[in-house]
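Enquirer: File final_20.txt follows (compact mmCIF, N, CA and C atoms):
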```txt
# COMPACT_ATOMS: atom_id res chain seq x y z
N MET G 1 0.85 -1.19 0.00
CA MET G 1 0.00 0.00 0.00
C MET G 1 0.89 1.24 0.00
N ALA G 2 0.72 2.07 -0.99
CA ALA G 2 1.52 3.30 -1.08
C ALA G 2 0.92 4.38 -0.18
N VAL G 3 1.75 5.33 0.20
CA VAL G 3 1.30 6.46 1.01
C VAL G 3 1.53 7.72 0.20
N HIS G 4 0.47 8.45 -0.09
CA HIS G 4 0.57 9.69 -0.86
C HIS G 4 1.41 10.69 -0.08
N ASP G 5 2.27 11.43 -0.79
CA ASP G 5 3.16 12.41 -0.14
C ASP G 5 2.40 13.42 0.71
N GLU G 6 1.19 13.77 0.27
CA GLU G 6 0.40 14.74 1.01
C GLU G 6 0.14 14.29 2.45
N CYS G 7 0.03 12.98 2.66
CA CYS G 7 -0.19 12.44 4.02
C CYS G 7 0.96 12.85 4.94
N LYS G 8 2.17 12.64 4.45
CA LYS G 8 3.35 12.97 5.26
C LYS G 8 3.49 14.47 5.46
N LEU G 9 3.22 15.24 4.39
CA LEU G 9 3.35 16.70 4.48
C LEU G 9 2.35 17.29 5.48
N LYS G 10 1.10 16.86 5.39
CA LYS G 10 0.07 17.38 6.31
C LYS G 10 0.40 16.99 7.75
N PHE G 11 0.89 15.75 7.93
CA PHE G 11 1.25 15.31 9.28
C PHE G 11 2.38 16.16 9.85
N LEU G 12 3.38 16.46 9.03
CA LEU G 12 4.49 17.30 9.48
C LEU G 12 4.01 18.69 9.87
N GLU G 13 3.05 19.21 9.10
CA GLU G 13 2.49 20.53 9.42
C GLU G 13 1.73 20.48 10.75
N LEU G 14 0.99 19.40 10.98
CA LEU G 14 0.27 19.25 12.25
C LEU G 14 1.27 19.16 13.40
N LYS G 15 2.32 18.35 13.21
CA LYS G 15 3.28 18.10 14.28
C LYS G 15 4.15 19.33 14.57
N ALA G 16 4.71 19.92 13.54
CA ALA G 16 5.69 21.00 13.74
C ALA G 16 5.05 22.38 13.89
N LYS G 17 4.06 22.66 13.05
CA LYS G 17 3.48 24.01 13.04
C LYS G 17 2.12 24.08 13.71
N ARG G 18 1.55 22.92 14.02
CA ARG G 18 0.22 22.84 14.63
C ARG G 18 -0.82 23.55 13.75
N THR G 19 -0.68 23.34 12.44
CA THR G 19 -1.56 23.95 11.45
C THR G 19 -2.96 23.34 11.50
N TYR G 20 -3.04 22.07 11.92
CA TYR G 20 -4.32 21.35 11.96
C TYR G 20 -4.56 20.76 13.34
N ARG G 21 -5.84 20.55 13.64
CA ARG G 21 -6.21 19.84 14.88
C ARG G 21 -6.22 18.34 14.62
N PHE G 22 -6.69 17.98 13.42
CA PHE G 22 -6.74 16.54 13.10
C PHE G 22 -6.63 16.33 11.59
N ILE G 23 -6.31 15.10 11.22
CA ILE G 23 -6.27 14.68 9.82
C ILE G 23 -6.95 13.32 9.73
N VAL G 24 -7.84 13.18 8.76
CA VAL G 24 -8.47 11.89 8.51
C VAL G 24 -7.90 11.35 7.20
N PHE G 25 -7.43 10.10 7.26
CA PHE G 25 -6.83 9.45 6.10
C PHE G 25 -7.73 8.32 5.61
N LYS G 26 -7.72 8.12 4.31
CA LYS G 26 -8.56 7.10 3.70
C LYS G 26 -7.71 6.26 2.76
N ILE G 27 -7.98 4.96 2.71
CA ILE G 27 -7.30 4.12 1.73
C ILE G 27 -8.13 4.14 0.44
N GLU G 28 -7.49 4.57 -0.62
CA GLU G 28 -8.10 4.59 -1.95
C GLU G 28 -7.80 3.22 -2.54
N GLU G 29 -8.79 2.31 -2.51
CA GLU G 29 -8.55 0.92 -2.89
C GLU G 29 -8.12 0.76 -4.35
N LYS G 30 -8.72 1.54 -5.24
CA LYS G 30 -8.38 1.39 -6.67
C LYS G 30 -6.93 1.78 -6.94
N GLN G 31 -6.49 2.87 -6.31
CA GLN G 31 -5.11 3.33 -6.53
C GLN G 31 -4.13 2.67 -5.56
N LYS G 32 -4.67 1.90 -4.61
CA LYS G 32 -3.85 1.21 -3.60
C LYS G 32 -2.92 2.19 -2.87
N GLN G 33 -3.52 3.28 -2.37
CA GLN G 33 -2.71 4.22 -1.60
C GLN G 33 -3.54 4.92 -0.54
N VAL G 34 -2.83 5.39 0.48
CA VAL G 34 -3.47 6.15 1.55
C VAL G 34 -3.44 7.63 1.15
N ILE G 35 -4.61 8.28 1.27
CA ILE G 35 -4.71 9.70 0.92
C ILE G 35 -5.31 10.50 2.09
N VAL G 36 -5.15 11.81 2.02
CA VAL G 36 -5.78 12.69 3.02
C VAL G 36 -7.22 12.91 2.60
N GLU G 37 -8.15 12.61 3.51
CA GLU G 37 -9.57 12.84 3.19
C GLU G 37 -10.06 14.17 3.73
N LYS G 38 -9.59 14.53 4.93
CA LYS G 38 -10.08 15.77 5.55
C LYS G 38 -9.06 16.27 6.57
N VAL G 39 -8.95 17.58 6.68
CA VAL G 39 -8.13 18.17 7.75
C VAL G 39 -9.03 19.07 8.58
N GLY G 40 -8.73 19.13 9.87
CA GLY G 40 -9.50 19.97 10.78
C GLY G 40 -8.68 21.16 11.21
N GLU G 41 -9.30 22.32 11.19
CA GLU G 41 -8.62 23.55 11.61
C GLU G 41 -8.31 23.51 13.11
N PRO G 42 -7.31 24.27 13.56
CA PRO G 42 -6.92 24.24 14.98
C PRO G 42 -8.06 24.55 15.96
N ALA G 43 -9.03 25.34 15.52
CA ALA G 43 -10.12 25.72 16.42
C ALA G 43 -11.20 24.64 16.53
N GLU G 44 -11.13 23.62 15.68
CA GLU G 44 -12.17 22.59 15.71
C GLU G 44 -12.03 21.72 16.95
N SER G 45 -13.18 21.18 17.40
CA SER G 45 -13.22 20.42 18.65
C SER G 45 -13.06 18.92 18.40
N TYR G 46 -12.97 18.18 19.51
CA TYR G 46 -12.89 16.73 19.40
C TYR G 46 -14.19 16.18 18.80
N GLU G 47 -15.29 16.84 19.13
CA GLU G 47 -16.59 16.42 18.58
C GLU G 47 -16.61 16.60 17.06
N ASP G 48 -16.05 17.72 16.58
CA ASP G 48 -15.96 17.94 15.12
C ASP G 48 -15.15 16.80 14.48
N PHE G 49 -14.09 16.41 15.16
CA PHE G 49 -13.24 15.33 14.66
C PHE G 49 -14.02 14.02 14.57
N THR G 50 -14.71 13.64 15.65
CA THR G 50 -15.42 12.35 15.64
C THR G 50 -16.54 12.35 14.60
N LYS G 51 -17.16 13.51 14.37
CA LYS G 51 -18.22 13.59 13.36
C LYS G 51 -17.67 13.40 11.94
N SER G 52 -16.40 13.64 11.76
CA SER G 52 -15.82 13.52 10.42
C SER G 52 -15.43 12.08 10.08
N LEU G 53 -15.59 11.16 11.04
CA LEU G 53 -15.32 9.75 10.76
C LEU G 53 -16.63 9.07 10.34
N PRO G 54 -16.64 8.39 9.19
CA PRO G 54 -17.88 7.75 8.74
C PRO G 54 -18.31 6.62 9.69
N ALA G 55 -19.61 6.47 9.86
CA ALA G 55 -20.14 5.49 10.82
C ALA G 55 -19.90 4.05 10.39
N ASP G 56 -19.77 3.82 9.08
CA ASP G 56 -19.66 2.43 8.62
C ASP G 56 -18.52 2.19 7.64
N GLU G 57 -17.47 3.02 7.74
CA GLU G 57 -16.28 2.81 6.91
C GLU G 57 -15.04 3.01 7.76
N CYS G 58 -13.99 2.25 7.45
CA CYS G 58 -12.72 2.36 8.18
C CYS G 58 -11.97 3.63 7.77
N ARG G 59 -11.17 4.13 8.69
CA ARG G 59 -10.30 5.28 8.42
C ARG G 59 -9.10 5.22 9.37
N TYR G 60 -8.04 5.92 9.00
CA TYR G 60 -6.96 6.23 9.94
C TYR G 60 -7.14 7.70 10.26
N ALA G 61 -6.74 8.08 11.45
CA ALA G 61 -6.82 9.50 11.80
C ALA G 61 -5.70 9.85 12.76
N VAL G 62 -5.33 11.13 12.73
CA VAL G 62 -4.36 11.67 13.67
C VAL G 62 -5.03 12.85 14.34
N TYR G 63 -4.92 12.89 15.67
CA TYR G 63 -5.56 13.98 16.42
C TYR G 63 -4.54 14.59 17.38
N ASP G 64 -4.42 15.90 17.35
CA ASP G 64 -3.50 16.62 18.24
C ASP G 64 -4.30 17.07 19.46
N PHE G 65 -4.08 16.38 20.58
CA PHE G 65 -4.87 16.61 21.79
C PHE G 65 -4.13 17.50 22.79
N ASP G 66 -4.70 18.64 23.10
CA ASP G 66 -4.14 19.56 24.10
C ASP G 66 -4.78 19.28 25.45
N PHE G 67 -3.96 19.33 26.51
CA PHE G 67 -4.52 19.11 27.84
C PHE G 67 -3.63 19.76 28.90
N LEU G 68 -4.17 19.89 30.10
CA LEU G 68 -3.42 20.42 31.23
C LEU G 68 -3.05 19.25 32.14
N THR G 69 -1.81 19.21 32.58
CA THR G 69 -1.39 18.17 33.52
C THR G 69 -1.91 18.52 34.92
N ALA G 70 -1.72 17.60 35.85
CA ALA G 70 -2.13 17.84 37.24
C ALA G 70 -1.40 19.05 37.82
N GLU G 71 -0.20 19.32 37.29
CA GLU G 71 0.59 20.47 37.75
C GLU G 71 0.23 21.75 36.98
N ASN G 72 -0.85 21.70 36.20
CA ASN G 72 -1.32 22.85 35.42
C ASN G 72 -0.36 23.25 34.29
N VAL G 73 0.29 22.27 33.70
CA VAL G 73 1.20 22.53 32.59
C VAL G 73 0.48 22.15 31.28
N GLN G 74 0.53 23.06 30.31
CA GLN G 74 -0.10 22.80 29.01
C GLN G 74 0.75 21.81 28.22
N LYS G 75 0.13 20.71 27.79
CA LYS G 75 0.83 19.71 27.00
C LYS G 75 -0.02 19.29 25.81
N SER G 76 0.59 18.55 24.91
CA SER G 76 -0.17 18.02 23.78
C SER G 76 0.35 16.62 23.45
N ARG G 77 -0.55 15.77 22.98
CA ARG G 77 -0.19 14.42 22.56
C ARG G 77 -0.77 14.19 21.18
N ILE G 78 0.02 13.57 20.31
CA ILE G 78 -0.48 13.25 18.98
C ILE G 78 -0.95 11.79 18.99
N PHE G 79 -2.25 11.64 18.76
CA PHE G 79 -2.88 10.33 18.74
C PHE G 79 -3.00 9.80 17.32
N PHE G 80 -2.74 8.51 17.16
CA PHE G 80 -3.05 7.82 15.91
C PHE G 80 -4.24 6.94 16.21
N ILE G 81 -5.31 7.11 15.45
CA ILE G 81 -6.53 6.32 15.71
C ILE G 81 -6.84 5.47 14.49
N ALA G 82 -6.94 4.17 14.72
CA ALA G 82 -7.36 3.25 13.67
C ALA G 82 -8.85 3.02 13.88
N TRP G 83 -9.65 3.62 13.03
CA TRP G 83 -11.12 3.55 13.14
C TRP G 83 -11.61 2.42 12.25
N SER G 84 -12.17 1.39 12.89
CA SER G 84 -12.62 0.21 12.15
C SER G 84 -13.97 -0.23 12.71
N PRO G 85 -15.04 0.47 12.34
CA PRO G 85 -16.35 0.16 12.93
C PRO G 85 -16.83 -1.25 12.60
N ASP G 86 -17.55 -1.85 13.54
CA ASP G 86 -18.07 -3.21 13.35
C ASP G 86 -18.91 -3.33 12.08
N THR G 87 -19.56 -2.22 11.70
CA THR G 87 -20.47 -2.24 10.55
C THR G 87 -19.76 -2.09 9.20
N SER G 88 -18.45 -1.88 9.21
CA SER G 88 -17.74 -1.73 7.92
C SER G 88 -17.54 -3.09 7.26
N ARG G 89 -17.24 -3.05 5.96
CA ARG G 89 -17.05 -4.29 5.20
C ARG G 89 -15.83 -5.06 5.70
N VAL G 90 -15.93 -6.38 5.69
CA VAL G 90 -14.84 -7.24 6.17
C VAL G 90 -13.57 -6.98 5.37
N ARG G 91 -13.71 -6.88 4.05
CA ARG G 91 -12.54 -6.63 3.19
C ARG G 91 -11.85 -5.32 3.59
N SER G 92 -12.65 -4.30 3.83
CA SER G 92 -12.11 -3.00 4.22
C SER G 92 -11.36 -3.12 5.55
N LYS G 93 -11.94 -3.81 6.52
CA LYS G 93 -11.27 -3.99 7.82
C LYS G 93 -9.93 -4.69 7.65
N MET G 94 -9.91 -5.70 6.76
CA MET G 94 -8.67 -6.45 6.54
C MET G 94 -7.59 -5.57 5.90
N ILE G 95 -7.99 -4.76 4.92
CA ILE G 95 -7.02 -3.88 4.24
C ILE G 95 -6.45 -2.85 5.23
N TYR G 96 -7.33 -2.24 6.02
CA TYR G 96 -6.86 -1.25 6.99
C TYR G 96 -5.97 -1.89 8.05
N ALA G 97 -6.36 -3.06 8.52
CA ALA G 97 -5.56 -3.74 9.56
C ALA G 97 -4.18 -4.12 9.04
N SER G 98 -4.12 -4.63 7.81
CA SER G 98 -2.83 -5.09 7.27
C SER G 98 -1.92 -3.94 6.84
N SER G 99 -2.49 -2.76 6.61
CA SER G 99 -1.68 -1.63 6.16
C SER G 99 -1.29 -0.68 7.29
N LYS G 100 -1.88 -0.87 8.47
CA LYS G 100 -1.74 0.10 9.56
C LYS G 100 -0.29 0.34 9.97
N ASP G 101 0.46 -0.70 10.26
CA ASP G 101 1.83 -0.52 10.78
C ASP G 101 2.72 0.16 9.75
N ARG G 102 2.58 -0.23 8.52
CA ARG G 102 3.38 0.38 7.45
C ARG G 102 3.05 1.87 7.34
N PHE G 103 1.76 2.21 7.39
CA PHE G 103 1.36 3.61 7.29
C PHE G 103 1.84 4.40 8.50
N LYS G 104 1.69 3.81 9.68
CA LYS G 104 2.09 4.49 10.92
C LYS G 104 3.59 4.81 10.93
N ARG G 105 4.39 3.94 10.35
CA ARG G 105 5.84 4.18 10.28
C ARG G 105 6.17 5.42 9.47
N GLU G 106 5.31 5.76 8.52
CA GLU G 106 5.53 6.96 7.68
C GLU G 106 5.30 8.25 8.46
N LEU G 107 4.55 8.15 9.56
CA LEU G 107 4.20 9.34 10.35
C LEU G 107 5.05 9.36 11.61
N ASP G 108 6.20 9.99 11.53
CA ASP G 108 7.13 9.99 12.64
C ASP G 108 6.71 11.03 13.68
N GLY G 109 6.40 10.58 14.90
CA GLY G 109 6.03 11.52 15.95
C GLY G 109 4.71 11.19 16.62
N ILE G 110 4.14 10.04 16.28
CA ILE G 110 2.90 9.62 16.94
C ILE G 110 3.24 9.17 18.36
N GLN G 111 2.44 9.65 19.33
CA GLN G 111 2.74 9.35 20.72
C GLN G 111 1.82 8.31 21.34
N VAL G 112 0.57 8.27 20.89
CA VAL G 112 -0.39 7.32 21.46
C VAL G 112 -1.17 6.69 20.32
N GLU G 113 -1.35 5.37 20.39
CA GLU G 113 -2.16 4.70 19.37
C GLU G 113 -3.44 4.17 19.99
N LEU G 114 -4.52 4.28 19.25
CA LEU G 114 -5.82 3.84 19.72
C LEU G 114 -6.50 3.06 18.60
N GLN G 115 -7.12 1.95 18.96
CA GLN G 115 -7.90 1.16 17.99
C GLN G 115 -9.35 1.29 18.43
N ALA G 116 -10.25 1.66 17.53
CA ALA G 116 -11.65 1.83 17.91
C ALA G 116 -12.58 1.18 16.91
N THR G 117 -13.57 0.43 17.44
CA THR G 117 -14.57 -0.20 16.58
C THR G 117 -15.95 0.45 16.76
N ASP G 118 -16.08 1.25 17.81
CA ASP G 118 -17.30 2.05 17.97
C ASP G 118 -16.94 3.33 18.73
N PRO G 119 -17.80 4.36 18.67
CA PRO G 119 -17.45 5.68 19.22
C PRO G 119 -17.06 5.66 20.70
N THR G 120 -17.59 4.72 21.49
CA THR G 120 -17.27 4.72 22.92
C THR G 120 -15.81 4.36 23.17
N GLU G 121 -15.20 3.64 22.24
CA GLU G 121 -13.79 3.24 22.41
C GLU G 121 -12.82 4.37 22.12
N MET G 122 -13.34 5.49 21.63
CA MET G 122 -12.48 6.65 21.40
C MET G 122 -13.14 7.93 21.91
N GLY G 123 -13.92 7.78 22.96
CA GLY G 123 -14.56 8.94 23.57
C GLY G 123 -13.51 9.86 24.18
N LEU G 124 -13.91 11.09 24.45
CA LEU G 124 -12.98 12.07 25.01
C LEU G 124 -12.39 11.60 26.34
N ASP G 125 -13.18 10.86 27.11
CA ASP G 125 -12.69 10.32 28.39
C ASP G 125 -11.53 9.34 28.16
N VAL G 126 -11.64 8.53 27.12
CA VAL G 126 -10.58 7.58 26.77
C VAL G 126 -9.32 8.33 26.34
N ILE G 127 -9.50 9.35 25.50
CA ILE G 127 -8.38 10.18 25.03
C ILE G 127 -7.68 10.81 26.23
N LYS G 128 -8.47 11.39 27.13
CA LYS G 128 -7.88 12.05 28.32
C LYS G 128 -7.10 11.06 29.17
N SER G 129 -7.64 9.87 29.36
CA SER G 129 -6.95 8.90 30.22
C SER G 129 -5.67 8.37 29.57
N ARG G 130 -5.66 8.27 28.24
CA ARG G 130 -4.48 7.77 27.53
C ARG G 130 -3.41 8.85 27.33
N ALA G 131 -3.80 10.11 27.44
CA ALA G 131 -2.87 11.21 27.17
C ALA G 131 -1.84 11.38 28.27
N SER G 132 -2.25 11.14 29.50
CA SER G 132 -1.33 11.43 30.61
C SER G 132 -0.42 10.27 30.94
```
Starting from the file, lay out its structure as structure tokens.
Expert:
Amino acid sequence: MAVHDECKLKFLELKAKRTYRFIVFKIEEKQKQVIVEKVGEPAESYEDFTKSLPADECRYAVYDFDFLTAENVQKSRIFFIAWSPDTSRVRSKMIYASSKDRFKRELDGIQVELQATDPTEMGLDVIKSRAS
């Protein structure tokens, strides 16, 4: 599975310049490559991010999560989320699962990985608990 250059460029912009809050990636099966499907502006919320994931199709996503530590220090964690809803096609789940590690290696700087098959597995409470 090839990775479109735009995926790496957008990720670098999110990581280094914080240009985006999140990026949603899609596997283009016909071209056999991962492409950028959507980017979220820095002001967008976690709810905006979760709404941009289709309910019955797999996606990869990166989310830049800002939070305050117990000591009141502002921090951020870059999450990689493998979204594979139970309702998606079996073939699609297999393609996303088999391509995940290769794709993740292209994105240098991911701090936390999350696998989710339904929205509760990637709720804001889960993100908060995994960030610290």
Enquirer: List every protein, DNA or RNA residue that has at least one atom no more than 12 Å from (-5.0, 11.7, 4.1) in the file's coordinates, counting only C-alpha atoms, and write the result as a compact mmCIF listing (two decimals) with N, CA and C atoms, in the frame of the given file.
Expert:
```
# COMPACT_ATOMS: atom_id res chain seq x y z
N ALA G 2 0.72 2.07 -0.99
CA ALA G 2 1.52 3.30 -1.08
C ALA G 2 0.92 4.38 -0.18
N VAL G 3 1.75 5.33 0.20
CA VAL G 3 1.30 6.46 1.01
C VAL G 3 1.53 7.72 0.20
N HIS G 4 0.47 8.45 -0.09
CA HIS G 4 0.57 9.69 -0.86
C HIS G 4 1.41 10.69 -0.08
N ASP G 5 2.27 11.43 -0.79
CA ASP G 5 3.16 12.41 -0.14
C ASP G 5 2.40 13.42 0.71
N GLU G 6 1.19 13.77 0.27
CA GLU G 6 0.40 14.74 1.01
C GLU G 6 0.14 14.29 2.45
N CYS G 7 0.03 12.98 2.66
CA CYS G 7 -0.19 12.44 4.02
C CYS G 7 0.96 12.85 4.94
N LYS G 8 2.17 12.64 4.45
CA LYS G 8 3.35 12.97 5.26
C LYS G 8 3.49 14.47 5.46
N LEU G 9 3.22 15.24 4.39
CA LEU G 9 3.35 16.70 4.48
C LEU G 9 2.35 17.29 5.48
N LYS G 10 1.10 16.86 5.39
CA LYS G 10 0.07 17.38 6.31
C LYS G 10 0.40 16.99 7.75
N PHE G 11 0.89 15.75 7.93
CA PHE G 11 1.25 15.31 9.28
C PHE G 11 2.38 16.16 9.85
N PHE G 22 -6.69 17.98 13.42
CA PHE G 22 -6.74 16.54 13.10
C PHE G 22 -6.63 16.33 11.59
N ILE G 23 -6.31 15.10 11.22
CA ILE G 23 -6.27 14.68 9.82
C ILE G 23 -6.95 13.32 9.73
N VAL G 24 -7.84 13.18 8.76
CA VAL G 24 -8.47 11.89 8.51
C VAL G 24 -7.90 11.35 7.20
N PHE G 25 -7.43 10.10 7.26
CA PHE G 25 -6.83 9.45 6.10
C PHE G 25 -7.73 8.32 5.61
N LYS G 26 -7.72 8.12 4.31
CA LYS G 26 -8.56 7.10 3.70
C LYS G 26 -7.71 6.26 2.76
N ILE G 27 -7.98 4.96 2.71
CA ILE G 27 -7.30 4.12 1.73
C ILE G 27 -8.13 4.14 0.44
N GLU G 28 -7.49 4.57 -0.62
CA GLU G 28 -8.10 4.59 -1.95
C GLU G 28 -7.80 3.22 -2.54
N GLN G 33 -3.52 3.28 -2.37
CA GLN G 33 -2.71 4.22 -1.60
C GLN G 33 -3.54 4.92 -0.54
N VAL G 34 -2.83 5.39 0.48
CA VAL G 34 -3.47 6.15 1.55
C VAL G 34 -3.44 7.63 1.15
N ILE G 35 -4.61 8.28 1.27
CA ILE G 35 -4.71 9.70 0.92
C ILE G 35 -5.31 10.50 2.09
N VAL G 36 -5.15 11.81 2.02
CA VAL G 36 -5.78 12.69 3.02
C VAL G 36 -7.22 12.91 2.60
N GLU G 37 -8.15 12.61 3.51
CA GLU G 37 -9.57 12.84 3.19
C GLU G 37 -10.06 14.17 3.73
N LYS G 38 -9.59 14.53 4.93
CA LYS G 38 -10.08 15.77 5.55
C LYS G 38 -9.06 16.27 6.57
N VAL G 39 -8.95 17.58 6.68
CA VAL G 39 -8.13 18.17 7.75
C VAL G 39 -9.03 19.07 8.58
N GLY G 40 -8.73 19.13 9.87
CA GLY G 40 -9.50 19.97 10.78
C GLY G 40 -8.68 21.16 11.21
N ARG G 59 -11.17 4.13 8.69
CA ARG G 59 -10.30 5.28 8.42
C ARG G 59 -9.10 5.22 9.37
N TYR G 60 -8.04 5.92 9.00
CA TYR G 60 -6.96 6.23 9.94
C TYR G 60 -7.14 7.70 10.26
N ALA G 61 -6.74 8.08 11.45
CA ALA G 61 -6.82 9.50 11.80
C ALA G 61 -5.70 9.85 12.76
N VAL G 62 -5.33 11.13 12.73
CA VAL G 62 -4.36 11.67 13.67
C VAL G 62 -5.03 12.85 14.34
N PHE G 103 1.76 2.21 7.39
CA PHE G 103 1.36 3.61 7.29
C PHE G 103 1.84 4.40 8.50
N LEU G 107 4.55 8.15 9.56
CA LEU G 107 4.20 9.34 10.35
C LEU G 107 5.05 9.36 11.61
```
Enquirer: Just asking: which residues within region 31-132 of chain G are helix (DSSP H, G or I) according to DSSP, as a PyMOL selection string?
Expert: chain G and resi 46-51+90-106+119-122+124-131
Enquirer: Which value, in Å to one decimal, gives the distance between CA of Phe79 (chain G) and CA of Val112 (chain G)?
Expert: 4.8 Å
Enquirer: What does the distance from atom N of Arg21 (chain G) to atom N of Phe65 (chain G) come to in Å, to one decimal?
Expert: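 That distance, rounded to one decimal, is 8.3 Å.
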Enquirer: What's the separation between atom C of Thr87 (chain G) and atom C of Gln111 (chain G), in Å to one decimal place?
Expert: 26.9 Å
Enquirer: Show me as a PyMOL selection string the residues that reach within 10 Å of (-2.6, 1.1, 18.7), counting only C-alpha atoms and using the file's own coordinates.
Expert: chain G and resi 79-82+100-101+104+112-116
Enquirer: Nearest residue to Pro85 (chain G) out of G:Leu68, G:Val126, G:Cys58, G:Leu14, using only N, CA and C atoms?
Expert: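 For Pro85 (chain G), the nearest of the given residues is G:Cys58.
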Enquirer: Could you tell me which of G:Glu121, G:Asp48, G:Arg89, G:Ala131 comes closest to Ser76 (chain G) if we count all atoms listed in the file?
Expert: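 Under the stated criterion, the closest residue is G:Ala131.
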Enquirer: Return as AutoDock Vina command-line options the centre and edge lengths, in Å with one decimal, of the box along x, y and z that encloses every atom of region 42-51 of chain G in the file, padded by 4 Å per side.
Expert:
```
--center_x -12.6 --center_y 19.0 --center_z 15.7 --size_x 19.3 --size_y 21.4 --size_z 15.6
```
Enquirer: Using only C-alpha atoms, which residue out of G:Thr117, G:Ser129, G:Thr50, G:Gln74 lies closest to Ser88 (chain G)?
Expert: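 Once distances to Ser88 (chain G) are computed over only C-alpha atoms, the minimum belongs to G:Thr117.
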Enquirer: Run DSSP on the backbone and give me the residues of region 28-130 of chain G it puts in strand (DSSP E), as a PyMOL selection string.
Expert: chain G and resi 28+33-40+59-68+74-83+112-116
Enquirer: Using all atoms listed in the file, pick whichever of G:Arg105, G:Arg91, G:Arg18, G:Lys128 has the shortest atom-to-atom distance to Glu41 (chain G).
Expert: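 That would be G:Arg18, the residue with the smallest distance to Glu41 (chain G).
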